Amino acid sequence: MILVVGATGCLGGLVAKRLLRGGWPVRILVSEHSPSEELAQQGLATPAGALIAAGAQPVYGDLKDPASLAEACRGAETVITTANAAARGGADTVETVERQGNRALIDAARAAGVKHFVFVSAQFAAPGSPFPFLAAKAAAEACLRDSGMAYTIIAPNAFMDVWLTQVVMLPALQGLPVTVVGSGRRKHAFVAMRDVGAFILAALEHPAARNRRLVVGGPEAVSFRDAASTFGRILERDIPVRSVPPGQPLPGLPQAMWPLAASFDYFDSPVEMRGTARAFGVHLTPMEAFLRRQLAELMTAMQRP
Ligand SMILES: NC(=O)c1ccc[n+]([C@@H]2O[C@H](COP(=O)([O-])OP(=O)(O)OC[C@H]3O[C@@H](n4cnc5c(N)ncnc54)[C@H](OP(=O)(O)O)[C@@H]3O)[C@@H](O)[C@H]2O)c1
């Protein structure tokens, strides 16, 4: 049995669906007030109902409720967690979910005899990060390493699906300029979420993924300006790019993402992926292919009644 925590989110839903399609027995942790059914209509979540209809076994619980995690882990051989509270509010915070919730899940998994724990972190998770979210991810990584369970830490660069869609595609499709912080010329190995999902699935069976932290980036490093000019070529029109200083509002982007967006202009983050992609049999999606596929998906979604 594989427990997927975060299955009602974007990446977790993609992973849970692929596991179910592959015939794996899947359990999902579903929280009582999950907004997934509504968010799914905007493509921002995976409805629990659809996963249950596809064969997932639901366990109702919450990362803030250790008793529910013990129940969810009972009999599971593997735990995959993609959960995070970045899009939530109220009682769900970096402290209660990222730090204490992840620790409680790791403790529950160890107590239940889980054999392999797959944790989705972030490439730049670090104990001293100025971003509390990234510092908490690093704390969870350390907790998992110390747990004694076999683990895989998947540490992705920024998701194309989030950053290129929200910063470049959606404004451009509305006829608005693309807004970048600073130069917008720093290059990052943005990665397609489906490729991150492919690494998670590969990690389940690949011995080389055991007790490893796998940094997962896209096949090339690109800037927001590169993406805007490629998307302009696809749309066959110029997409204006305007630059704002750090701290200014970024239209269309949740406020919680503004500091991260600003941080992108202070460094480049290319990732040499050829060896890892070959070793795990993952075909990484180039930026242009992602933009074309995402455009087709957005157009189909817009035509739906
Ligand atoms: N976006 C990026 O560029 C990026 C880059 C690197 C790494 N990552 C990491 O990738 C992972 C997947 O991201 P995503 O976009 O798929 O996330 P997402 O769509 O926001 O999904 C979040 C999931 O976490 C669950 N969750 C939140 N608080 C919870 C709680 N208290 N108890 C139980 N479940 C809770 C949500 O459940 P509900 O249905 O109840 O809301 C949802 O299933 C995250 O760990 C993220 O940090 C993202």
# chains A, B, ... in the order shown; residues from 1 in each chain; ligands from 1

$ closest_atom_pairs --of "segment 96-141 of chain A" --to "segment 181-201 of chain A" --cutoff "10 Å" --atoms "only C-alpha atoms" --output "CSV"
residue,atom,partner,partner_atom,distance
A:Val118,CA,A:Ile200,CA,7.5
A:Phe119,CA,A:Ile200,CA,9.1
A:Val120,CA,A:Ile200,CA,8.6

$ residues_around --residues "segment 91-108 of chain A" --least-positions-apart "2" --cutoff "8 Å" --atoms "only C-alpha atoms" --output "VMD selection string"
chain A and resid 63 to 66 69 to 70 73 84 to 86 88 to 89 110 to 112 117 132 to 133 136 to 137 139 to 140 143 to 144 147

$ residues_near_ligand --ligand "ligand 1" --cutoff "6 Å" --atoms "only C-alpha atoms and all ligand atoms" --output "PyMOL selection string"
chain A and resi 6-12+31+34-36+45+62-64+82-85+87+92+97+120-122+156-159+162

$ residues_around --residues "segment 247-251 of chain A" --least-positions-apart "6" --cutoff "10 Å" --atoms "only C-alpha atoms" --output "list in words"
Gln166, Val167, Pro171, Leu176, Pro177, Val178, Thr179, Val180, Val181, Met257, Trp258, Pro259, Ala261 and Ala262 of chain A

$ residues_around --residues "Phe290 of chain A" --least-positions-apart "4" --cutoff "8 Å" --atoms "only C-alpha atoms" --output "list in words"
Met160, Ala192, Thr285, Pro286 and Gln294 of chain A

$ closest_residue --among "A:Arg212, A:Leu19, A:Asp146, A:Met169" --to "Val241 of chain A" --atoms "only C-alpha atoms"
A:Met169

$ closest_residue --among "A:Ala150, A:Leu253, A:Ala227, A:Leu291" --to "Ala209 of chain A" --atoms "only C-alpha atoms"
A:Ala150

$ select_by_dssp --residues "segment 3-122 of chain A" --states "helix (DSSP H, G or I)" --output "PDB file with N, CA and C atoms, in the first residue's frame"
ATOM      1  N   CYS A  10      -1.739  19.481  -6.777  1.00  0.00           N
ATOM      2  CA  CYS A  10      -1.441  19.299  -8.203  1.00  0.00           C
ATOM      3  C   CYS A  10      -0.488  18.128  -8.423  1.00  0.00           C
ATOM      4  N   LEU A  11       0.702  18.199  -7.831  1.00  0.00           N
ATOM      5  CA  LEU A  11       1.695  17.144  -8.050  1.00  0.00           C
ATOM      6  C   LEU A  11       1.250  15.822  -7.428  1.00  0.00           C
ATOM      7  N   GLY A  12       0.730  15.895  -6.193  1.00  0.00           N
ATOM      8  CA  GLY A  12       0.298  14.663  -5.519  1.00  0.00           C
ATOM      9  C   GLY A  12      -0.821  13.980  -6.295  1.00  0.00           C
ATOM     10  N   GLY A  13      -1.717  14.769  -6.882  1.00  0.00           N
ATOM     11  CA  GLY A  13      -2.817  14.200  -7.659  1.00  0.00           C
ATOM     12  C   GLY A  13      -2.289  13.501  -8.900  1.00  0.00           C
ATOM     13  N   LEU A  14      -1.337  14.155  -9.551  1.00  0.00           N
ATOM     14  CA  LEU A  14      -0.730  13.562 -10.752  1.00  0.00           C
ATOM     15  C   LEU A  14      -0.061  12.225 -10.406  1.00  0.00           C
ATOM     16  N   VAL A  15       0.650  12.194  -9.276  1.00  0.00           N
ATOM     17  CA  VAL A  15       1.344  10.969  -8.854  1.00  0.00           C
ATOM     18  C   VAL A  15       0.322   9.887  -8.489  1.00  0.00           C
ATOM     19  N   ALA A  16      -0.703  10.277  -7.717  1.00  0.00           N
ATOM     20  CA  ALA A  16      -1.706   9.285  -7.302  1.00  0.00           C
ATOM     21  C   ALA A  16      -2.400   8.680  -8.522  1.00  0.00           C
ATOM     22  N   LYS A  17      -2.729   9.530  -9.511  1.00  0.00           N
ATOM     23  CA  LYS A  17      -3.407   9.019 -10.709  1.00  0.00           C
ATOM     24  C   LYS A  17      -2.512   8.036 -11.456  1.00  0.00           C
ATOM     25  N   ARG A  18      -1.225   8.397 -11.582  1.00  0.00           N
ATOM     26  CA  ARG A  18      -0.321   7.492 -12.308  1.00  0.00           C
ATOM     27  C   ARG A  18      -0.155   6.172 -11.571  1.00  0.00           C
ATOM     28  N   LEU A  19      -0.092   6.231 -10.247  1.00  0.00           N
ATOM     29  CA  LEU A  19       0.031   4.988  -9.465  1.00  0.00           C
ATOM     30  C   LEU A  19      -1.207   4.124  -9.669  1.00  0.00           C
ATOM     31  N   LEU A  20      -2.387   4.750  -9.612  1.00  0.00           N
ATOM     32  CA  LEU A  20      -3.630   3.990  -9.771  1.00  0.00           C
ATOM     33  C   LEU A  20      -3.693   3.367 -11.160  1.00  0.00           C
ATOM     34  N   ARG A  21      -3.279   4.149 -12.166  1.00  0.00           N
ATOM     35  CA  ARG A  21      -3.271   3.621 -13.537  1.00  0.00           C
ATOM     36  C   ARG A  21      -2.318   2.431 -13.658  1.00  0.00           C
ATOM     37  N   SER A  36     -10.165  21.203  -2.469  1.00  0.00           N
ATOM     38  CA  SER A  36      -9.726  20.669  -3.763  1.00  0.00           C
ATOM     39  C   SER A  36     -10.840  20.603  -4.811  1.00  0.00           C
ATOM     40  N   GLU A  37     -12.082  20.327  -4.371  1.00  0.00           N
ATOM     41  CA  GLU A  37     -13.139  20.195  -5.384  1.00  0.00           C
ATOM     42  C   GLU A  37     -13.317  21.525  -6.131  1.00  0.00           C
ATOM     43  N   GLU A  38     -13.288  22.664  -5.373  1.00  0.00           N
ATOM     44  CA  GLU A  38     -13.443  23.974  -6.040  1.00  0.00           C
ATOM     45  C   GLU A  38     -12.194  24.369  -6.802  1.00  0.00           C
ATOM     46  N   LEU A  39     -11.033  24.182  -6.167  1.00  0.00           N
ATOM     47  CA  LEU A  39      -9.777  24.591  -6.819  1.00  0.00           C
ATOM     48  C   LEU A  39      -9.522  23.799  -8.108  1.00  0.00           C
ATOM     49  N   ALA A  40     -10.025  22.555  -8.137  1.00  0.00           N
ATOM     50  CA  ALA A  40      -9.787  21.711  -9.313  1.00  0.00           C
ATOM     51  C   ALA A  40     -10.399  22.332 -10.562  1.00  0.00           C
ATOM     52  N   ALA A  48     -10.580  14.994  -4.521  1.00  0.00           N
ATOM     53  CA  ALA A  48     -10.463  13.698  -3.841  1.00  0.00           C
ATOM     54  C   ALA A  48     -11.457  12.701  -4.431  1.00  0.00           C
ATOM     55  N   GLY A  49     -12.659  13.201  -4.781  1.00  0.00           N
ATOM     56  CA  GLY A  49     -13.706  12.305  -5.299  1.00  0.00           C
ATOM     57  C   GLY A  49     -13.248  11.557  -6.539  1.00  0.00           C
ATOM     58  N   ALA A  50     -12.513  12.243  -7.418  1.00  0.00           N
ATOM     59  CA  ALA A  50     -12.064  11.597  -8.660  1.00  0.00           C
ATOM     60  C   ALA A  50     -11.041  10.501  -8.345  1.00  0.00           C
ATOM     61  N   LEU A  51     -10.191  10.756  -7.357  1.00  0.00           N
ATOM     62  CA  LEU A  51      -9.177   9.749  -7.000  1.00  0.00           C
ATOM     63  C   LEU A  51      -9.849   8.538  -6.345  1.00  0.00           C
ATOM     64  N   ILE A  52     -10.860   8.815  -5.510  1.00  0.00           N
ATOM     65  CA  ILE A  52     -11.569   7.713  -4.842  1.00  0.00           C
ATOM     66  C   ILE A  52     -12.311   6.882  -5.895  1.00  0.00           C
ATOM     67  N   ALA A  53     -12.923   7.589  -6.869  1.00  0.00           N
ATOM     68  CA  ALA A  53     -13.634   6.872  -7.932  1.00  0.00           C
ATOM     69  C   ALA A  53     -12.663   6.015  -8.750  1.00  0.00           C
ATOM     70  N   PRO A  66      -1.744  14.178  14.650  1.00  0.00           N
ATOM     71  CA  PRO A  66      -0.891  12.984  14.616  1.00  0.00           C
ATOM     72  C   PRO A  66      -1.671  11.668  14.676  1.00  0.00           C
ATOM     73  N   ALA A  67      -2.802  11.641  15.402  1.00  0.00           N
ATOM     74  CA  ALA A  67      -3.555  10.373  15.501  1.00  0.00           C
ATOM     75  C   ALA A  67      -4.039   9.942  14.118  1.00  0.00           C
ATOM     76  N   SER A  68      -4.453  10.921  13.309  1.00  0.00           N
ATOM     77  CA  SER A  68      -4.947  10.576  11.968  1.00  0.00           C
ATOM     78  C   SER A  68      -3.803  10.064  11.090  1.00  0.00           C
ATOM     79  N   LEU A  69      -2.582  10.533  11.371  1.00  0.00           N
ATOM     80  CA  LEU A  69      -1.434  10.098  10.561  1.00  0.00           C
ATOM     81  C   LEU A  69      -1.060   8.656  10.899  1.00  0.00           C
ATOM     82  N   ALA A  70      -1.225   8.287  12.195  1.00  0.00           N
ATOM     83  CA  ALA A  70      -0.962   6.895  12.588  1.00  0.00           C
ATOM     84  C   ALA A  70      -1.929   5.981  11.846  1.00  0.00           C
ATOM     85  N   GLU A  71      -3.174   6.402  11.765  1.00  0.00           N
ATOM     86  CA  GLU A  71      -4.202   5.621  11.066  1.00  0.00           C
ATOM     87  C   GLU A  71      -3.869   5.522   9.563  1.00  0.00           C
ATOM     88  N   ALA A  72      -3.466   6.654   9.001  1.00  0.00           N
ATOM     89  CA  ALA A  72      -3.175   6.689   7.559  1.00  0.00           C
ATOM     90  C   ALA A  72      -1.975   5.806   7.210  1.00  0.00           C
ATOM     91  N   CYS A  73      -0.997   5.726   8.101  1.00  0.00           N
ATOM     92  CA  CYS A  73       0.239   4.973   7.800  1.00  0.00           C
ATOM     93  C   CYS A  73       0.106   3.476   8.078  1.00  0.00           C
ATOM     94  N   VAL A  94       3.568  27.507   8.032  1.00  0.00           N
ATOM     95  CA  VAL A  94       4.874  26.862   7.865  1.00  0.00           C
ATOM     96  C   VAL A  94       5.208  26.059   9.128  1.00  0.00           C
ATOM     97  N   GLU A  95       4.904  26.635  10.292  1.00  0.00           N
ATOM     98  CA  GLU A  95       5.247  25.974  11.554  1.00  0.00           C
ATOM     99  C   GLU A  95       4.388  24.718  11.777  1.00  0.00           C
ATOM    100  N   THR A  96       3.056  24.855  11.592  1.00  0.00           N
ATOM    101  CA  THR A  96       2.184  23.719  11.945  1.00  0.00           C
ATOM    102  C   THR A  96       2.195  22.613  10.885  1.00  0.00           C
ATOM    103  N   VAL A  97       2.375  22.988   9.626  1.00  0.00           N
ATOM    104  CA  VAL A  97       2.302  21.974   8.562  1.00  0.00           C
ATOM    105  C   VAL A  97       3.705  21.548   8.104  1.00  0.00           C
ATOM    106  N   GLU A  98       4.491  22.528   7.606  1.00  0.00           N
ATOM    107  CA  GLU A  98       5.804  22.162   7.039  1.00  0.00           C
ATOM    108  C   GLU A  98       6.735  21.576   8.113  1.00  0.00           C
ATOM    109  N   ARG A  99       6.743  22.223   9.284  1.00  0.00           N
ATOM    110  CA  ARG A  99       7.710  21.791  10.294  1.00  0.00           C
ATOM    111  C   ARG A  99       7.119  20.662  11.154  1.00  0.00           C
ATOM    112  N   GLN A 100       6.022  20.997  11.925  1.00  0.00           N
ATOM    113  CA  GLN A 100       5.497  19.987  12.856  1.00  0.00           C
ATOM    114  C   GLN A 100       4.760  18.864  12.104  1.00  0.00           C
ATOM    115  N   GLY A 101       4.010  19.214  11.068  1.00  0.00           N
ATOM    116  CA  GLY A 101       3.225  18.205  10.335  1.00  0.00           C
ATOM    117  C   GLY A 101       4.127  17.180   9.656  1.00  0.00           C
ATOM    118  N   ASN A 102       5.170  17.649   9.000  1.00  0.00           N
ATOM    119  CA  ASN A 102       6.077  16.707   8.340  1.00  0.00           C
ATOM    120  C   ASN A 102       6.763  15.818   9.366  1.00  0.00           C
ATOM    121  N   ARG A 103       7.160  16.426  10.482  1.00  0.00           N
ATOM    122  CA  ARG A 103       7.807  15.625  11.542  1.00  0.00           C
ATOM    123  C   ARG A 103       6.843  14.551  12.057  1.00  0.00           C
ATOM    124  N   ALA A 104       5.577  14.948  12.277  1.00  0.00           N
ATOM    125  CA  ALA A 104       4.582  13.991  12.788  1.00  0.00           C
ATOM    126  C   ALA A 104       4.351  12.865  11.776  1.00  0.00           C
ATOM    127  N   LEU A 105       4.355  13.209  10.486  1.00  0.00           N
ATOM    128  CA  LEU A 105       4.144  12.175   9.459  1.00  0.00           C
ATOM    129  C   LEU A 105       5.336  11.208   9.421  1.00  0.00           C
ATOM    130  N   ILE A 106       6.530  11.744   9.527  1.00  0.00           N
ATOM    131  CA  ILE A 106       7.732  10.890   9.526  1.00  0.00           C
ATOM    132  C   ILE A 106       7.707   9.970  10.752  1.00  0.00           C
ATOM    133  N   ASP A 107       7.340  10.525  11.923  1.00  0.00           N
ATOM    134  CA  ASP A 107       7.259   9.712  13.143  1.00  0.00           C
ATOM    135  C   ASP A 107       6.211   8.606  12.981  1.00  0.00           C
ATOM    136  N   ALA A 108       5.052   8.978  12.436  1.00  0.00           N
ATOM    137  CA  ALA A 108       3.973   7.990  12.275  1.00  0.00           C
ATOM    138  C   ALA A 108       4.396   6.895  11.302  1.00  0.00           C
ATOM    139  N   ALA A 109       5.089   7.288  10.225  1.00  0.00           N
ATOM    140  CA  ALA A 109       5.524   6.297   9.227  1.00  0.00           C
ATOM    141  C   ALA A 109       6.540   5.336   9.848  1.00  0.00           C
ATOM    142  N   ARG A 110       7.477   5.889  10.592  1.00  0.00           N
ATOM    143  CA  ARG A 110       8.493   5.021  11.222  1.00  0.00           C
ATOM    144  C   ARG A 110       7.815   4.052  12.194  1.00  0.00           C
ATOM    145  N   ALA A 111       6.883   4.575  13.013  1.00  0.00           N
ATOM    146  CA  ALA A 111       6.198   3.729  14.000  1.00  0.00           C
ATOM    147  C   ALA A 111       5.390   2.629  13.313  1.00  0.00           C
TER     148      ALA A 111
END

$ atom_distance --atom1 "atom CA of Phe264 of chain A" --atom2 "atom CA of Leu134 of chain A"
14.2 Å

$ residues_around --residues "Thr230 of chain A" --least-positions-apart "4" --cutoff "9 Å" --atoms "only C-alpha atoms" --output "ChimeraX atom specification"
/A:225-226,234-235,287-288,291

$ decode --residues "segment 36-55 of chain A" --atoms "N, CA and C atoms" --output "PDB file, in the first residue's frame"
ATOM      1  N   SER A  36     -10.165  21.203  -2.469  1.00  0.00           N
ATOM      2  CA  SER A  36      -9.726  20.669  -3.763  1.00  0.00           C
ATOM      3  C   SER A  36     -10.840  20.603  -4.811  1.00  0.00           C
ATOM      4  N   GLU A  37     -12.082  20.327  -4.371  1.00  0.00           N
ATOM      5  CA  GLU A  37     -13.139  20.195  -5.384  1.00  0.00           C
ATOM      6  C   GLU A  37     -13.317  21.525  -6.131  1.00  0.00           C
ATOM      7  N   GLU A  38     -13.288  22.664  -5.373  1.00  0.00           N
ATOM      8  CA  GLU A  38     -13.443  23.974  -6.040  1.00  0.00           C
ATOM      9  C   GLU A  38     -12.194  24.369  -6.802  1.00  0.00           C
ATOM     10  N   LEU A  39     -11.033  24.182  -6.167  1.00  0.00           N
ATOM     11  CA  LEU A  39      -9.777  24.591  -6.819  1.00  0.00           C
ATOM     12  C   LEU A  39      -9.522  23.799  -8.108  1.00  0.00           C
ATOM     13  N   ALA A  40     -10.025  22.555  -8.137  1.00  0.00           N
ATOM     14  CA  ALA A  40      -9.787  21.711  -9.313  1.00  0.00           C
ATOM     15  C   ALA A  40     -10.399  22.332 -10.562  1.00  0.00           C
ATOM     16  N   GLN A  41     -11.495  23.107 -10.371  1.00  0.00           N
ATOM     17  CA  GLN A  41     -12.131  23.734 -11.545  1.00  0.00           C
ATOM     18  C   GLN A  41     -11.217  24.759 -12.195  1.00  0.00           C
ATOM     19  N   GLN A  42     -10.276  25.318 -11.409  1.00  0.00           N
ATOM     20  CA  GLN A  42      -9.299  26.258 -11.990  1.00  0.00           C
ATOM     21  C   GLN A  42      -7.990  25.548 -12.315  1.00  0.00           C
ATOM     22  N   GLY A  43      -7.975  24.238 -12.241  1.00  0.00           N
ATOM     23  CA  GLY A  43      -6.758  23.484 -12.536  1.00  0.00           C
ATOM     24  C   GLY A  43      -5.717  23.593 -11.432  1.00  0.00           C
ATOM     25  N   LEU A  44      -6.148  23.955 -10.204  1.00  0.00           N
ATOM     26  CA  LEU A  44      -5.185  24.188  -9.124  1.00  0.00           C
ATOM     27  C   LEU A  44      -5.189  23.086  -8.065  1.00  0.00           C
ATOM     28  N   ALA A  45      -5.901  22.002  -8.324  1.00  0.00           N
ATOM     29  CA  ALA A  45      -5.955  20.912  -7.340  1.00  0.00           C
ATOM     30  C   ALA A  45      -6.502  19.666  -8.025  1.00  0.00           C
ATOM     31  N   THR A  46      -6.554  18.569  -7.260  1.00  0.00           N
ATOM     32  CA  THR A  46      -7.095  17.309  -7.774  1.00  0.00           C
ATOM     33  C   THR A  46      -8.231  16.908  -6.845  1.00  0.00           C
ATOM     34  N   PRO A  47      -9.458  16.770  -7.371  1.00  0.00           N
ATOM     35  CA  PRO A  47     -10.563  16.466  -6.455  1.00  0.00           C
ATOM     36  C   PRO A  47     -10.412  15.074  -5.846  1.00  0.00           C
ATOM     37  N   ALA A  48     -10.580  14.994  -4.521  1.00  0.00           N
ATOM     38  CA  ALA A  48     -10.463  13.698  -3.841  1.00  0.00           C
ATOM     39  C   ALA A  48     -11.457  12.701  -4.431  1.00  0.00           C
ATOM     40  N   GLY A  49     -12.659  13.201  -4.781  1.00  0.00           N
ATOM     41  CA  GLY A  49     -13.706  12.305  -5.299  1.00  0.00           C
ATOM     42  C   GLY A  49     -13.248  11.557  -6.539  1.00  0.00           C
ATOM     43  N   ALA A  50     -12.513  12.243  -7.418  1.00  0.00           N
ATOM     44  CA  ALA A  50     -12.064  11.597  -8.660  1.00  0.00           C
ATOM     45  C   ALA A  50     -11.041  10.501  -8.345  1.00  0.00           C
ATOM     46  N   LEU A  51     -10.191  10.756  -7.357  1.00  0.00           N
ATOM     47  CA  LEU A  51      -9.177   9.749  -7.000  1.00  0.00           C
ATOM     48  C   LEU A  51      -9.849   8.538  -6.345  1.00  0.00           C
ATOM     49  N   ILE A  52     -10.860   8.815  -5.510  1.00  0.00           N
ATOM     50  CA  ILE A  52     -11.569   7.713  -4.842  1.00  0.00           C
ATOM     51  C   ILE A  52     -12.311   6.882  -5.895  1.00  0.00           C
ATOM     52  N   ALA A  53     -12.923   7.589  -6.869  1.00  0.00           N
ATOM     53  CA  ALA A  53     -13.634   6.872  -7.932  1.00  0.00           C
ATOM     54  C   ALA A  53     -12.663   6.015  -8.750  1.00  0.00           C
ATOM     55  N   ALA A  54     -11.390   6.457  -8.828  1.00  0.00           N
ATOM     56  CA  ALA A  54     -10.396   5.695  -9.597  1.00  0.00           C
ATOM     57  C   ALA A  54      -9.771   4.575  -8.763  1.00  0.00           C
ATOM     58  N   GLY A  55     -10.205   4.446  -7.501  1.00  0.00           N
ATOM     59  CA  GLY A  55      -9.753   3.296  -6.709  1.00  0.00           C
ATOM     60  C   GLY A  55      -8.919   3.634  -5.492  1.00  0.00           C
TER      61      GLY A  55
END
